Amino acid sequence: MKKISYKDIEDFLDGEKSSLKKEEIKEDKRFKETLELFTMLKNLPGKPAPRNFERNLYRRLGIFYFPVYKKVLSFAGLSVFAATVYLSARGLLYFIIGKINLARIPHQLSLIYSRIMQLISLIKAGNHLKNIYLAFTNPLLLLTLAFVSSILMLILIGLSREVKKRAVLLSRF
Amino acid sequence: MKEDIYWIKRVKNGKKNDFSPLVKRYKDVIFYFILRMVQNEEDAVDLTQESFIKAYNNLSNFKEKYSFKNWLFTIASHHTIDFLRKRKQMREIDLLEIDTDEPYVSPIDTLIKDERMQKLSEEIDILPENYRMVILLKHEESLKIEEIAEIMKIPPGTVKVWLYRARAQLRKKLLKKDEENIV
């Protein structure tokens, strides 16, 4: 039986071209030793990169980094928010539907219309008041107004006196 | 392999963030390889990061017919060799000033419970750098002789010789340890 060297066995285990057959060498002491060494080398425990490795690397590379736990938290947060919005909207819809009565719809509509008209009136009144305020803040307009109103007042007083005289005259007849 | 090419194409097309799946896939193997080579965790982290940065910056030079893993190992091994050379020079200067040096305890060794495995791990750490590199690439990463030769830019015959010598050294130390235990 030919002597088998470690090199032949290693070549065989490395998958290199070899004339050796496993049946022939499996009981060989050298083969067992080499196989054990190969197994031990293969099974050496690894060590992962530190936890902040990726974050620091992406910072150095200028890449946007969004870790998995942040993705999960964001997704969970958005889900909670979406669920709250959905449930609130659904509750509000059911509440409104519960309040609506078909027989009262025309009345409700007319009520809404009257409220809108009130609102428009208020806006108009506000606008009018604003115009009056602006008129009083303009001295020329104020003087004109005072002048016109005093003449009008005089006319009115005169007219009322005339009416009283006529009334007396008429009462004599 | 195909998945790597897919991500690489995306990065080349300007989607920078798609480099992260590649980092996720290879960071642990590259880190472990460098850690075993330099035997210092801080240096290993720095060198791993620098290897990835180099890979990212030179991604346009990567040819898609090759394996990305092997390409990454080529960058990491060359970067590590450069670092070890510089450190060796620095230590030689330091040795002129300081006579004693603290015995180094590998962080990996603390993880190893089994005595024989621990012995083997220690022996790997004291192997010459070139022997250690071929052992790690061959047994940890299960690369072929030709792939190791390509990564280390040496002839396949040299890889075989270094592997044979490294294994012989390890086997010898393990047998010695076993004999000591029997006695």
# chains A, B, ... in the order shown; residues from 1 in each chain; ligands from 1
>>> interface_residues(of="chain B", to="chain A", cutoff="8 Å", atoms="only C-alpha atoms", output="JSON, numbers by chain")
{"B": [16, 17, 23, 24, 27, 28, 29, 31, 32, 45, 49, 53, 108, 111, 112, 117, 120, 121, 139, 140, 164, 171]}
>>> write_last_selection(atoms="N, CA and C atoms", output="PDB file, in the first residue's frame")
ATOM      1  N   LYS B  16     -28.336  55.756  -4.742  1.00  0.00           N
ATOM      2  CA  LYS B  16     -27.259  55.544  -3.767  1.00  0.00           C
ATOM      3  C   LYS B  16     -27.680  54.668  -2.587  1.00  0.00           C
ATOM      4  N   ASN B  17     -28.929  54.849  -2.157  1.00  0.00           N
ATOM      5  CA  ASN B  17     -29.403  54.121  -0.976  1.00  0.00           C
ATOM      6  C   ASN B  17     -29.447  52.608  -1.185  1.00  0.00           C
ATOM      7  N   VAL B  23     -24.223  46.123   1.738  1.00  0.00           N
ATOM      8  CA  VAL B  23     -23.518  46.286   3.022  1.00  0.00           C
ATOM      9  C   VAL B  23     -24.066  45.267   4.018  1.00  0.00           C
ATOM     10  N   LYS B  24     -25.386  45.175   4.074  1.00  0.00           N
ATOM     11  CA  LYS B  24     -26.035  44.244   5.014  1.00  0.00           C
ATOM     12  C   LYS B  24     -25.560  42.806   4.779  1.00  0.00           C
ATOM     13  N   LYS B  27     -21.223  42.799   5.356  1.00  0.00           N
ATOM     14  CA  LYS B  27     -20.500  43.501   6.424  1.00  0.00           C
ATOM     15  C   LYS B  27     -19.917  42.531   7.463  1.00  0.00           C
ATOM     16  N   ASP B  28     -20.668  41.504   7.825  1.00  0.00           N
ATOM     17  CA  ASP B  28     -20.198  40.595   8.872  1.00  0.00           C
ATOM     18  C   ASP B  28     -19.001  39.754   8.413  1.00  0.00           C
ATOM     19  N   VAL B  29     -19.067  39.242   7.193  1.00  0.00           N
ATOM     20  CA  VAL B  29     -17.951  38.399   6.720  1.00  0.00           C
ATOM     21  C   VAL B  29     -16.679  39.226   6.512  1.00  0.00           C
ATOM     22  N   PHE B  31     -15.988  42.075   8.019  1.00  0.00           N
ATOM     23  CA  PHE B  31     -15.525  42.518   9.345  1.00  0.00           C
ATOM     24  C   PHE B  31     -14.766  41.386  10.043  1.00  0.00           C
ATOM     25  N   TYR B  32     -15.329  40.193   9.997  1.00  0.00           N
ATOM     26  CA  TYR B  32     -14.694  39.054  10.676  1.00  0.00           C
ATOM     27  C   TYR B  32     -13.327  38.738  10.056  1.00  0.00           C
ATOM     28  N   VAL B  45     -13.108  47.681  12.489  1.00  0.00           N
ATOM     29  CA  VAL B  45     -14.297  48.470  12.111  1.00  0.00           C
ATOM     30  C   VAL B  45     -13.900  49.532  11.086  1.00  0.00           C
ATOM     31  N   GLN B  49     -15.098  49.652   7.181  1.00  0.00           N
ATOM     32  CA  GLN B  49     -15.811  50.813   6.637  1.00  0.00           C
ATOM     33  C   GLN B  49     -15.070  51.385   5.433  1.00  0.00           C
ATOM     34  N   ILE B  53     -16.295  51.857   1.621  1.00  0.00           N
ATOM     35  CA  ILE B  53     -16.270  53.184   0.980  1.00  0.00           C
ATOM     36  C   ILE B  53     -15.502  53.098  -0.347  1.00  0.00           C
ATOM     37  N   ILE B 108     -12.004  37.496  19.806  1.00  0.00           N
ATOM     38  CA  ILE B 108     -12.703  36.289  19.337  1.00  0.00           C
ATOM     39  C   ILE B 108     -12.451  35.127  20.292  1.00  0.00           C
ATOM     40  N   LEU B 111     -14.779  34.322  23.016  1.00  0.00           N
ATOM     41  CA  LEU B 111     -16.043  33.693  22.638  1.00  0.00           C
ATOM     42  C   LEU B 111     -15.924  32.163  22.561  1.00  0.00           C
ATOM     43  N   ILE B 112     -14.725  31.719  22.407  1.00  0.00           N
ATOM     44  CA  ILE B 112     -14.541  30.285  22.161  1.00  0.00           C
ATOM     45  C   ILE B 112     -14.437  29.512  23.475  1.00  0.00           C
ATOM     46  N   MET B 117     -10.587  24.409  20.117  1.00  0.00           N
ATOM     47  CA  MET B 117     -10.952  25.468  19.173  1.00  0.00           C
ATOM     48  C   MET B 117     -10.225  26.755  19.546  1.00  0.00           C
ATOM     49  N   LEU B 120      -6.725  26.483  18.461  1.00  0.00           N
ATOM     50  CA  LEU B 120      -6.639  26.666  17.011  1.00  0.00           C
ATOM     51  C   LEU B 120      -6.768  28.154  16.650  1.00  0.00           C
ATOM     52  N   SER B 121      -7.720  28.807  17.319  1.00  0.00           N
ATOM     53  CA  SER B 121      -7.932  30.235  17.059  1.00  0.00           C
ATOM     54  C   SER B 121      -6.674  31.038  17.397  1.00  0.00           C
ATOM     55  N   HIS B 139     -11.037  28.620   4.319  1.00  0.00           N
ATOM     56  CA  HIS B 139     -11.914  27.864   5.231  1.00  0.00           C
ATOM     57  C   HIS B 139     -13.098  28.656   5.754  1.00  0.00           C
ATOM     58  N   GLU B 140     -12.929  29.937   5.970  1.00  0.00           N
ATOM     59  CA  GLU B 140     -14.064  30.731   6.472  1.00  0.00           C
ATOM     60  C   GLU B 140     -14.990  31.106   5.321  1.00  0.00           C
ATOM     61  N   TYR B 164      -0.733  24.825   2.463  1.00  0.00           N
ATOM     62  CA  TYR B 164      -0.134  23.594   2.966  1.00  0.00           C
ATOM     63  C   TYR B 164       0.727  23.878   4.206  1.00  0.00           C
ATOM     64  N   ARG B 171      -1.663  22.011  12.376  1.00  0.00           N
ATOM     65  CA  ARG B 171      -1.795  20.607  12.753  1.00  0.00           C
ATOM     66  C   ARG B 171      -0.750  20.231  13.807  1.00  0.00           C
TER      67      ARG B 171
END
>>> closest_residue(among="B:Lys54, B:Lys69, B:Arg85, B:Lys63", to="Asp4 of chain B", atoms="only C-alpha atoms")
B:Lys69
>>> residues_around(residues="Val134 of chain B", least_positions_apart="6", cutoff="7 Å", atoms="only C-alpha atoms", output="list in words")
Ile148, Val159 and Leu163 of chain B
>>> write_last_selection(atoms="C-alpha atoms", output="PDB file, in the first residue's frame")
ATOM      1  CA  ILE B 148      -7.895  33.336  -3.524  1.00  0.00           C
ATOM      2  CA  VAL B 159      -1.689  29.856  -2.555  1.00  0.00           C
ATOM      3  CA  LEU B 163      -2.145  26.780   2.560  1.00  0.00           C
TER       4      LEU B 163
END
>>> select_by_dssp(residues="chain B", states="alpha helix (DSSP H)", output="VMD selection string")
chain B and resid 2 to 12 20 to 38 41 to 57 68 to 97 115 to 125 129 to 135 145 to 152 156 to 182
>>> closest_residue(among="B:Asn61, B:Gln169, B:Asn70, B:Gln89", to="Lys12 of chain B", atoms="only C-alpha atoms")
B:Asn61
>>> residues_around(residues="Ser67 of chain B", least_positions_apart="3", cutoff="12 Å", atoms="only C-alpha atoms", output="list in words")
Met1, Lys2, Glu3, Asp4, Ile5, Ile8, Phe62, Lys63, Glu64, Asn70, Trp71, Leu72, Phe73, Thr74, Leu143, Glu147, Glu150 and Ile151 of chain B
>>> write_last_selection(atoms="N, CA and C atoms", output="PDB file, in the first residue's frame")
ATOM      1  N   MET B   1     -25.603  36.217  -6.113  1.00  0.00           N
ATOM      2  CA  MET B   1     -24.773  36.778  -7.194  1.00  0.00           C
ATOM      3  C   MET B   1     -25.616  37.675  -8.104  1.00  0.00           C
ATOM      4  N   LYS B   2     -26.752  37.128  -8.586  1.00  0.00           N
ATOM      5  CA  LYS B   2     -27.625  37.907  -9.476  1.00  0.00           C
ATOM      6  C   LYS B   2     -28.225  39.081  -8.722  1.00  0.00           C
ATOM      7  N   GLU B   3     -28.542  38.807  -7.447  1.00  0.00           N
ATOM      8  CA  GLU B   3     -29.132  39.854  -6.608  1.00  0.00           C
ATOM      9  C   GLU B   3     -28.122  40.990  -6.416  1.00  0.00           C
ATOM     10  N   ASP B   4     -26.854  40.598  -6.215  1.00  0.00           N
ATOM     11  CA  ASP B   4     -25.799  41.610  -6.053  1.00  0.00           C
ATOM     12  C   ASP B   4     -25.737  42.498  -7.294  1.00  0.00           C
ATOM     13  N   ILE B   5     -25.769  41.865  -8.452  1.00  0.00           N
ATOM     14  CA  ILE B   5     -25.677  42.613  -9.720  1.00  0.00           C
ATOM     15  C   ILE B   5     -26.869  43.572  -9.851  1.00  0.00           C
ATOM     16  N   ILE B   8     -26.184  46.491  -7.621  1.00  0.00           N
ATOM     17  CA  ILE B   8     -25.062  47.277  -8.153  1.00  0.00           C
ATOM     18  C   ILE B   8     -25.540  48.150  -9.322  1.00  0.00           C
ATOM     19  N   PHE B  62     -16.341  48.170 -11.377  1.00  0.00           N
ATOM     20  CA  PHE B  62     -16.668  46.759 -11.156  1.00  0.00           C
ATOM     21  C   PHE B  62     -17.303  46.167 -12.408  1.00  0.00           C
ATOM     22  N   LYS B  63     -16.747  45.015 -12.828  1.00  0.00           N
ATOM     23  CA  LYS B  63     -17.306  44.343 -14.018  1.00  0.00           C
ATOM     24  C   LYS B  63     -18.289  43.279 -13.559  1.00  0.00           C
ATOM     25  N   GLU B  64     -19.469  43.343 -14.155  1.00  0.00           N
ATOM     26  CA  GLU B  64     -20.563  42.514 -13.650  1.00  0.00           C
ATOM     27  C   GLU B  64     -20.393  41.010 -13.876  1.00  0.00           C
ATOM     28  N   ASN B  70     -16.054  38.428  -4.148  1.00  0.00           N
ATOM     29  CA  ASN B  70     -14.615  38.289  -4.352  1.00  0.00           C
ATOM     30  C   ASN B  70     -13.951  39.651  -4.574  1.00  0.00           C
ATOM     31  N   TRP B  71     -14.666  40.511  -5.298  1.00  0.00           N
ATOM     32  CA  TRP B  71     -14.152  41.861  -5.550  1.00  0.00           C
ATOM     33  C   TRP B  71     -13.997  42.632  -4.241  1.00  0.00           C
ATOM     34  N   LEU B  72     -15.006  42.462  -3.390  1.00  0.00           N
ATOM     35  CA  LEU B  72     -14.988  43.124  -2.085  1.00  0.00           C
ATOM     36  C   LEU B  72     -13.853  42.567  -1.214  1.00  0.00           C
ATOM     37  N   PHE B  73     -13.661  41.258  -1.279  1.00  0.00           N
ATOM     38  CA  PHE B  73     -12.566  40.639  -0.532  1.00  0.00           C
ATOM     39  C   PHE B  73     -11.211  41.100  -1.069  1.00  0.00           C
ATOM     40  N   THR B  74     -11.136  41.328  -2.368  1.00  0.00           N
ATOM     41  CA  THR B  74      -9.875  41.830  -2.949  1.00  0.00           C
ATOM     42  C   THR B  74      -9.554  43.197  -2.346  1.00  0.00           C
ATOM     43  N   LEU B 143     -13.607  29.838  -0.358  1.00  0.00           N
ATOM     44  CA  LEU B 143     -13.247  30.256  -1.725  1.00  0.00           C
ATOM     45  C   LEU B 143     -12.333  29.208  -2.361  1.00  0.00           C
ATOM     46  N   GLU B 147      -9.719  31.588  -6.882  1.00  0.00           N
ATOM     47  CA  GLU B 147     -10.344  32.831  -6.403  1.00  0.00           C
ATOM     48  C   GLU B 147      -9.422  33.537  -5.404  1.00  0.00           C
ATOM     49  N   GLU B 150      -6.667  35.145  -7.209  1.00  0.00           N
ATOM     50  CA  GLU B 150      -7.126  36.366  -7.879  1.00  0.00           C
ATOM     51  C   GLU B 150      -7.245  37.514  -6.877  1.00  0.00           C
ATOM     52  N   ILE B 151      -7.792  37.191  -5.712  1.00  0.00           N
ATOM     53  CA  ILE B 151      -7.965  38.221  -4.675  1.00  0.00           C
ATOM     54  C   ILE B 151      -6.607  38.748  -4.217  1.00  0.00           C
TER      55      ILE B 151
END
>>> atom_distance(atom1="atom CA of Leu47 of chain B", atom2="atom CA of Ile34 of chain B")
7.3 Å
>>> residues_around(residues="Asp125 of chain B", least_positions_apart="4", cutoff="9 Å", atoms="only C-alpha atoms", output="short mmCIF file (atom, residue, chain, number, x, y, z; two decimals) with C-alpha atoms, in the first residue's frame")
data_model
loop_
_atom_site.label_atom_id
_atom_site.label_comp_id
_atom_site.auth_asym_id
_atom_site.auth_seq_id
_atom_site.Cartn_x
_atom_site.Cartn_y
_atom_site.Cartn_z
CA ARG B 36 -8.87 38.04 12.35
CA MET B 37 -6.21 39.69 10.27
CA VAL B 38 -5.62 42.82 12.35
CA GLN B 39 -6.73 41.43 15.75
CA SER B 106 -8.04 38.32 20.77
CA LEU B 120 -6.64 26.67 17.01
CA SER B 121 -7.93 30.23 17.06
CA GLU B 129 -0.20 37.30 7.75
CA ARG B 132 -3.56 33.57 7.93
#
>>> atom_distance(atom1="atom CA of Val161 of chain B", atom2="atom CA of Leu35 of chain B")
23.9 Å
>>> residues_around(residues="Lys21 of chain A", least_positions_apart="4", cutoff="12 Å", atoms="only C-alpha atoms", output="list in words")
Ile4, Asp8, Ile9, Asp11, Phe12, Leu13, Gly15, Lys17, Ile25, Lys26, Glu27, Asp28 and Phe31 of chain A
>>> write_last_selection(atoms="N, CA and C atoms", output="CSV table (one decimal), in the first residue's frame")
chain,number,residue,atom,x,y,z
A,4,ILE,N,0.4,7.7,1.9
A,4,ILE,CA,-0.4,8.9,1.5
A,4,ILE,C,0.1,10.1,2.3
A,8,ASP,N,-1.5,15.2,-0.4
A,8,ASP,CA,-2.5,14.5,-1.2
A,8,ASP,C,-3.9,14.5,-0.6
A,9,ILE,N,-3.9,14.4,0.7
A,9,ILE,CA,-5.2,14.4,1.4
A,9,ILE,C,-5.8,15.8,1.4
A,11,ASP,N,-5.2,18.1,-0.9
A,11,ASP,CA,-5.7,18.3,-2.3
A,11,ASP,C,-7.0,17.6,-2.5
A,12,PHE,N,-7.2,16.4,-2.0
A,12,PHE,CA,-8.4,15.7,-2.1
A,12,PHE,C,-9.6,16.4,-1.4
A,13,LEU,N,-9.3,16.9,-0.2
A,13,LEU,CA,-10.3,17.7,0.5
A,13,LEU,C,-10.6,19.0,-0.1
A,15,GLY,N,-10.8,19.6,-3.1
A,15,GLY,CA,-11.5,19.4,-4.4
A,15,GLY,C,-10.5,19.5,-5.6
A,17,LYS,N,-7.5,18.0,-8.2
A,17,LYS,CA,-7.4,16.7,-8.9
A,17,LYS,C,-6.6,15.8,-8.0
A,25,ILE,N,-9.0,5.9,1.9
A,25,ILE,CA,-8.3,6.7,2.9
A,25,ILE,C,-9.0,7.0,4.1
A,26,LYS,N,-10.3,6.6,4.2
A,26,LYS,CA,-11.1,7.1,5.3
A,26,LYS,C,-10.7,6.5,6.6
A,27,GLU,N,-9.9,5.4,6.6
A,27,GLU,CA,-9.4,4.9,7.9
A,27,GLU,C,-8.0,5.4,8.2
A,28,ASP,N,-7.5,6.1,7.3
A,28,ASP,CA,-6.1,6.6,7.5
A,28,ASP,C,-6.0,7.6,8.6
A,31,PHE,N,-5.6,11.2,7.3
A,31,PHE,CA,-6.9,11.7,6.7
A,31,PHE,C,-7.8,12.2,7.9
